[in-house]
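With compact mmCIF, C-alpha atoms inside, this is data.txt:
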```txt
# COMPACT_ATOMS: atom_id res chain seq x y z
CA MET A 1 0.00 0.00 0.00
CA VAL A 2 1.03 3.63 -0.24
CA HIS A 3 2.53 4.44 3.13
CA GLN A 4 2.40 7.78 4.87
CA HIS A 5 5.55 9.08 6.48
CA GLY A 6 5.64 11.67 9.20
CA ALA A 7 2.72 13.47 10.71
CA GLY A 8 0.27 13.39 7.86
CA GLN A 9 2.99 14.01 5.25
CA PRO A 10 2.79 11.85 2.13
CA GLY A 11 5.85 9.79 1.32
CA ALA A 12 7.79 9.77 -1.93
CA LEU A 13 5.84 6.77 -3.25
CA ALA A 14 2.53 8.50 -2.56
CA LEU A 15 3.66 11.57 -4.47
CA ILE A 16 4.79 9.45 -7.41
CA VAL A 17 1.47 7.57 -7.50
CA ALA A 18 -0.50 10.83 -7.34
CA GLY A 19 1.63 12.37 -10.07
CA VAL A 20 1.19 9.39 -12.39
CA ALA A 21 -2.58 9.38 -11.79
CA LEU A 22 -2.80 13.11 -12.55
CA CYS A 23 -0.72 12.74 -15.72
CA ALA A 24 -2.90 9.84 -16.87
CA GLY A 25 -6.05 11.88 -16.26
CA VAL A 26 -4.65 14.86 -18.17
CA ALA A 27 -3.60 12.60 -21.07
CA TYR A 28 -7.09 11.09 -21.18
CA GLY A 29 -8.70 14.54 -21.25
CA TRP A 30 -6.35 15.70 -24.01
CA ALA A 31 -7.10 12.62 -26.12
CA ALA A 32 -10.87 12.99 -25.63
CA ALA A 33 -10.75 16.69 -26.57
CA ARG A 34 -8.65 15.89 -29.63
CA LEU A 35 -11.20 13.28 -30.69
CA ARG A 36 -14.08 15.75 -30.40
CA ARG A 37 -12.20 18.46 -32.30
CA ARG A 38 -11.80 15.95 -35.10
CA GLY A 39 -15.59 15.58 -35.18
CA ASP A 40 -15.81 12.13 -33.55
CA ARG A 41 -18.32 11.38 -30.83
CA TRP A 42 -17.02 10.56 -27.34
CA PRO A 43 -19.60 10.51 -24.51
CA PRO A 44 -18.76 13.04 -21.75
CA LEU A 45 -19.82 10.47 -19.15
CA ARG A 46 -16.68 8.48 -19.94
CA ASP A 47 -14.60 11.56 -19.15
CA LEU A 48 -16.33 11.77 -15.77
CA TRP A 49 -15.65 8.09 -15.03
CA CYS A 50 -11.95 8.46 -15.78
CA ALA A 51 -11.64 11.73 -13.85
CA ALA A 52 -13.35 10.11 -10.86
CA GLY A 53 -11.02 7.11 -11.02
CA SER A 54 -7.93 9.33 -11.14
CA ALA A 55 -9.28 11.41 -8.27
CA VAL A 56 -9.79 8.29 -6.15
CA VAL A 57 -6.19 7.19 -6.75
CA VAL A 58 -4.85 10.66 -5.87
CA THR A 59 -7.01 10.89 -2.75
CA ALA A 60 -5.95 7.43 -1.56
CA ALA A 61 -2.30 8.31 -2.13
CA LEU A 62 -2.16 11.75 -0.50
CA PHE A 63 -4.81 11.89 2.21
CA PRO A 64 -5.10 9.67 5.31
CA PHE A 65 -8.33 7.77 5.86
CA PRO A 66 -10.10 7.85 9.23
CA GLY A 67 -10.09 5.00 11.72
CA GLY A 68 -7.42 2.78 13.19
CA PRO A 69 -4.28 1.92 11.22
CA PHE A 70 -5.63 -1.32 9.73
CA THR A 71 -9.06 0.19 9.01
CA ALA A 72 -7.42 3.13 7.25
CA HIS A 73 -5.25 0.74 5.29
CA MET A 74 -8.29 -1.31 4.26
CA ALA A 75 -10.13 1.82 3.09
CA GLN A 76 -7.10 2.69 1.00
CA HIS A 77 -7.02 -0.84 -0.41
CA LEU A 78 -10.68 -0.68 -1.43
CA ALA A 79 -10.21 2.72 -3.04
CA THR A 80 -7.04 1.83 -4.93
CA GLY A 81 -7.66 -1.83 -5.74
CA MET A 82 -11.41 -1.93 -6.40
CA VAL A 83 -13.18 1.44 -6.71
CA ALA A 84 -10.60 3.26 -8.83
CA PRO A 85 -10.07 0.35 -11.27
CA LEU A 86 -13.80 0.06 -11.97
CA LEU A 87 -14.12 3.82 -12.58
CA LEU A 88 -11.08 3.88 -14.85
CA VAL A 89 -12.31 0.89 -16.88
CA LEU A 90 -15.73 2.53 -17.36
CA GLY A 91 -13.86 5.38 -19.06
CA ARG A 92 -12.68 2.91 -21.77
CA PRO A 93 -9.11 4.25 -21.97
CA LEU A 94 -7.87 1.66 -24.51
CA THR A 95 -10.75 2.43 -26.86
CA LEU A 96 -9.93 6.13 -26.57
CA ALA A 97 -6.24 5.48 -27.23
CA LEU A 98 -6.97 3.47 -30.37
CA ARG A 99 -9.43 6.03 -31.73
CA SER A 100 -7.22 9.01 -30.95
CA LEU A 101 -4.25 7.33 -32.66
CA ARG A 102 -6.25 6.80 -35.85
CA SER A 103 -5.09 10.02 -37.51
CA LEU A 104 -1.47 9.71 -36.39
CA PRO A 105 1.23 7.79 -38.27
CA PRO A 106 0.25 4.09 -38.24
CA GLY A 107 3.24 2.96 -36.17
CA GLY A 108 1.82 3.85 -32.74
CA ARG A 109 -1.61 2.37 -33.39
CA ARG A 110 -0.10 -0.76 -34.93
CA ARG A 111 2.19 -1.31 -31.95
CA LEU A 112 -0.69 -0.88 -29.48
CA LEU A 113 -2.84 -3.36 -31.41
CA ALA A 114 0.05 -5.83 -31.51
CA LEU A 115 0.43 -5.51 -27.75
CA LEU A 116 -3.29 -6.06 -27.16
CA ARG A 117 -3.19 -9.20 -29.32
CA SER A 118 0.05 -10.59 -27.91
CA ARG A 119 0.12 -14.00 -26.25
CA PRO A 120 1.20 -12.75 -22.79
CA LEU A 121 -1.65 -10.24 -22.63
CA SER A 122 -4.11 -12.80 -23.98
CA ALA A 123 -3.12 -15.13 -21.14
CA LEU A 124 -3.43 -12.38 -18.53
CA ALA A 125 -6.77 -11.25 -19.98
CA ASN A 126 -8.36 -14.63 -19.25
CA PRO A 127 -11.01 -13.85 -16.60
CA LEU A 128 -10.04 -16.84 -14.45
CA VAL A 129 -6.35 -15.85 -14.50
CA ALA A 130 -7.24 -12.25 -13.67
CA ALA A 131 -9.42 -13.44 -10.77
CA VAL A 132 -6.56 -15.53 -9.36
CA LEU A 133 -4.12 -12.61 -9.64
CA ASP A 134 -6.58 -10.26 -7.96
CA ALA A 135 -8.05 -12.39 -5.16
CA GLY A 136 -5.02 -14.65 -4.80
CA GLY A 137 -2.76 -11.66 -4.34
CA LEU A 138 -4.91 -10.47 -1.43
CA TRP A 139 -4.74 -13.87 0.26
CA LEU A 140 -0.97 -13.82 -0.13
CA LEU A 141 -0.82 -10.30 1.30
CA TYR A 142 -3.02 -10.80 4.37
CA ARG A 143 -2.48 -14.44 5.24
CA THR A 144 1.32 -14.53 5.02
CA PRO A 145 4.06 -12.33 6.53
CA LEU A 146 4.07 -10.28 3.31
CA PHE A 147 1.92 -7.53 4.83
CA ALA A 148 4.31 -6.98 7.74
CA LEU A 149 7.34 -7.14 5.44
CA ALA A 150 5.80 -4.59 3.07
CA HIS A 151 5.58 -2.10 5.94
CA GLU A 152 9.22 -2.67 6.86
CA ARG A 153 10.68 -2.49 3.34
CA PRO A 154 9.54 0.48 1.19
CA TRP A 155 10.56 -1.18 -2.09
CA LEU A 156 8.40 -4.19 -1.28
CA GLY A 157 5.52 -1.94 -0.31
CA CYS A 158 5.89 -0.26 -3.70
CA LEU A 159 5.63 -3.60 -5.50
CA VAL A 160 2.60 -4.64 -3.43
CA HIS A 161 0.85 -1.37 -4.17
CA ALA A 162 1.58 -1.67 -7.89
CA HIS A 163 0.21 -5.22 -7.92
CA VAL A 164 -3.00 -4.29 -6.09
CA LEU A 165 -3.74 -1.47 -8.52
CA ALA A 166 -2.70 -3.37 -11.67
CA ALA A 167 -4.55 -6.56 -10.67
CA GLY A 168 -7.68 -4.55 -9.88
CA VAL A 169 -7.57 -2.78 -13.26
CA LEU A 170 -6.95 -6.05 -15.11
CA PHE A 171 -9.78 -7.87 -13.34
CA SER A 172 -12.28 -5.03 -13.87
CA ALA A 173 -11.26 -4.71 -17.52
CA VAL A 174 -11.67 -8.38 -18.43
CA VAL A 175 -14.91 -8.81 -16.45
CA CYS A 176 -16.51 -5.68 -17.89
CA SER A 177 -15.05 -6.37 -21.39
CA LEU A 178 -15.63 -2.79 -22.57
CA ASP A 179 -12.23 -2.20 -24.18
CA PRO A 180 -10.77 -4.17 -27.11
CA LEU A 181 -9.09 -6.88 -25.06
CA PRO A 182 -9.33 -10.60 -25.92
CA ARG A 183 -13.02 -11.47 -25.59
CA HIS A 184 -14.49 -14.18 -23.38
CA GLY A 185 -18.03 -15.40 -22.97
CA MET A 186 -20.51 -14.10 -20.45
CA ALA A 187 -20.46 -17.39 -18.54
CA VAL A 188 -16.68 -17.33 -18.02
CA ARG A 189 -16.68 -13.69 -16.93
CA SER A 190 -19.59 -14.27 -14.56
CA ALA A 191 -17.89 -17.32 -13.05
CA ALA A 192 -14.69 -15.34 -12.51
CA LEU A 193 -16.64 -12.56 -10.80
CA VAL A 194 -18.50 -14.97 -8.52
CA GLY A 195 -15.30 -16.84 -7.65
CA ALA A 196 -13.33 -13.70 -6.88
CA GLY A 197 -16.21 -12.36 -4.79
CA ALA A 198 -16.39 -15.57 -2.78
CA ALA A 199 -12.62 -15.57 -2.17
CA HIS A 200 -12.80 -11.92 -1.11
CA SER A 201 -15.64 -12.58 1.32
CA VAL A 202 -13.95 -15.61 2.90
CA LEU A 203 -10.72 -13.66 3.32
CA SER A 204 -12.51 -10.80 5.06
CA ARG A 205 -14.10 -13.28 7.47
CA THR A 206 -10.71 -14.75 8.35
CA LEU A 207 -9.52 -11.29 9.35
CA TYR A 208 -12.14 -11.24 12.10
CA ALA A 209 -10.35 -14.15 13.73
CA ALA A 210 -6.69 -13.36 13.11
CA ALA A 211 -4.65 -10.36 12.04
CA PRO A 212 -2.10 -10.69 9.23
CA PRO A 213 0.96 -12.61 10.52
CA GLY A 214 3.56 -10.41 12.14
CA THR A 215 1.13 -7.61 13.04
CA GLY A 216 -0.57 -6.66 16.29
CA PHE A 217 -3.64 -4.58 15.47
CA ALA A 218 -6.25 -3.96 18.17
CA ALA A 219 -9.34 -6.16 18.08
CA GLY A 220 -11.68 -3.24 17.33
CA ASP A 221 -9.47 -2.01 14.50
CA LEU A 222 -9.25 -5.51 13.06
CA SER A 223 -13.01 -6.12 13.11
CA ALA A 224 -13.75 -2.70 11.62
CA ALA A 225 -11.29 -3.34 8.78
CA ALA A 226 -12.76 -6.80 8.14
CA GLU A 227 -16.29 -5.36 7.96
CA LEU A 228 -15.12 -2.64 5.59
CA MET A 229 -13.45 -5.23 3.37
CA TYR A 230 -16.54 -7.47 3.41
CA TYR A 231 -19.26 -4.89 2.74
CA GLY A 232 -17.18 -2.51 0.64
CA GLY A 233 -15.99 -5.36 -1.56
CA ASP A 234 -19.57 -6.55 -1.98
CA LEU A 235 -20.68 -3.12 -3.21
CA VAL A 236 -17.96 -2.95 -5.87
CA GLU A 237 -18.64 -6.52 -6.98
CA ILE A 238 -22.36 -5.72 -7.28
CA ALA A 239 -21.43 -2.75 -9.48
CA LEU A 240 -19.33 -5.07 -11.66
CA ALA A 241 -22.25 -7.51 -11.86
CA VAL A 242 -24.53 -4.67 -12.98
CA VAL A 243 -22.12 -3.81 -15.82
CA VAL A 244 -22.01 -7.47 -16.91
CA GLY A 245 -25.82 -7.74 -16.66
CA LEU A 246 -26.35 -4.63 -18.77
CA GLN A 247 -24.02 -6.03 -21.41
CA TRP A 248 -25.97 -9.30 -21.46
CA TYR A 249 -29.23 -7.35 -21.78
CA ALA A 250 -27.89 -5.23 -24.65
CA ALA A 251 -26.45 -8.27 -26.45
CA SER A 252 -29.77 -10.11 -26.09
CA GLY A 253 -31.62 -7.11 -27.51
CA ARG A 254 -29.30 -6.90 -30.51
CA ARG A 255 -29.63 -10.63 -31.15
CA LEU A 256 -33.43 -10.43 -30.98
CA ALA A 257 -33.45 -7.47 -33.37
CA ARG A 258 -31.30 -9.41 -35.86
CA GLU A 259 -33.61 -12.42 -35.65
CA ASN A 260 -36.66 -10.21 -36.20
CA ARG A 261 -35.06 -8.62 -39.26
CA ARG A 262 -34.08 -12.02 -40.61
CA GLY A 263 -37.60 -13.34 -40.03
CA ALA A 264 -39.13 -10.32 -41.78
CA THR A 265 -36.82 -10.88 -44.76
CA ASP A 266 -37.77 -14.57 -44.95
CA ARG A 267 -41.49 -13.75 -44.88
CA ARG A 268 -41.23 -11.09 -47.59
CA PRO A 269 -42.73 -12.39 -50.90
CA SER A 270 -40.24 -12.94 -53.70
CA ALA A 271 -40.43 -10.69 -56.76
CA SER A 272 -40.73 -13.76 -58.98
CA ALA A 273 -43.65 -15.27 -57.03
CA PRO A 274 -46.92 -15.44 -59.01
CA TYR A 275 -49.54 -12.82 -58.24
CA ARG A 276 -52.77 -14.22 -56.88
CA GLN A 277 -56.03 -12.39 -57.05
```
Output the structure of this file as structure tokens.
Amino acid sequence: MVHQHGAGQPGALALIVAGVALCAGVAYGWAAARLRRRGDRWPPLRDLWCAAGSAVVVTAALFPFPGGPFTAHMAQHLATGMVAPLLLVLGRPLTLALRSLRSLPPGGRRRLLALLRSRPLSALANPLVAAVLDAGGLWLLYRTPLFALAHERPWLGCLVHAHVLAAGVLFSAVVCSLDPLPRHGMAVRSAALVGAGAAHSVLSRTLYAAAPPGTGFAAGDLSAAAELMYYGGDLVEIALAVVVGLQWYAASGRRLARENRRGATDRRPSASAPYRQ
């Protein structure tokens, strides 16, 4: 996680994370404005989603959360690893990048498409793999000495923070399937969401009974953090399920419309059919 150093003063890692999030938000806004100046349509709501996601990352990096130390940490985890990734994915940044690169020399767009279609990314973009990286990483963090070690070694804390954010973005992206990543069926994405949600819920329940190894948080702080993880995680996972459900509804509507058009074409009399009085 992003650690705070001193009396409310953000550490170097927190400043770096906030700076990267701000730069990403500015780059997104520039690309969206460039697209609109070119005459292309880009819904403003996507700008709001991305701006909100960047703001959540900056807030989690620079400002302390209320509550005990473990409760504050858990709030930061939910913001950085679950809320911000969902908001950023709803902004469809890869779609924006591909569309904004359309009028530039073909090299940049071609390289991005090659990356999106590469074998390593295709393997990572499997919903089940993304679920294991996301939920499995949390089990490794909270049920092994990794959490205590990350607080003692800043470089390790940096790696843990990067994994939490990256795994959250990857999982949200492949479950929502809004950007041009390798596509998977609704059943596989739903199963990955249900499995990750179950693993998240079980992990939060274990925190009621025992703190992460090597730590000594107070019982009240521990239970408050576990409740925040349980209920906060449920809310984000419900939001993900709503996105998946809306996609299923839209796909079903398009399929029904195609079948209706096909049926109307089949019922239309042929021009060569004899005329009957």
- request: Compare A:Tyr208, A:Phe171, A:Trp49, A:Phe147 by their minimum atom-to-atom distance to Leu87 in chain A, counting only C-alpha atoms, and give me the closest one.
  value: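 For Leu87 in chain A, the nearest of the candidates is A:Trp49.
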Pairwise distance for CA of Val188 in chain A and CA of Val89 in chain A, rounded to one decimal in Å: 18.8 Å
task: Return the single residue from A:Ala97, A:Ala60, A:Leu156, A:Leu193 that is closest to Pro127 in chain A, with distances computed using all atoms listed in the file.
output: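 When distances to Pro127 in chain A are compared using all atoms listed in the file, the smallest one comes from A:Leu193.
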- prompt: Which residue, A:Leu124, A:Pro69, A:Ser172, A:Ala24, has the smallest gap to Ala51 in chain A when you use only C-alpha atoms?
  reply: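 Among A:Leu124, A:Pro69, A:Ser172, A:Ala24, it is A:Ala24 that comes nearest to Ala51 in chain A.
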- prompt: How many Å separate CA of Ala33 in chain A from CA of Arg92 in chain A?
  reply: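 If I compute the distance from CA of Ala33 in chain A to CA of Arg92 in chain A, I get 14.7 Å.
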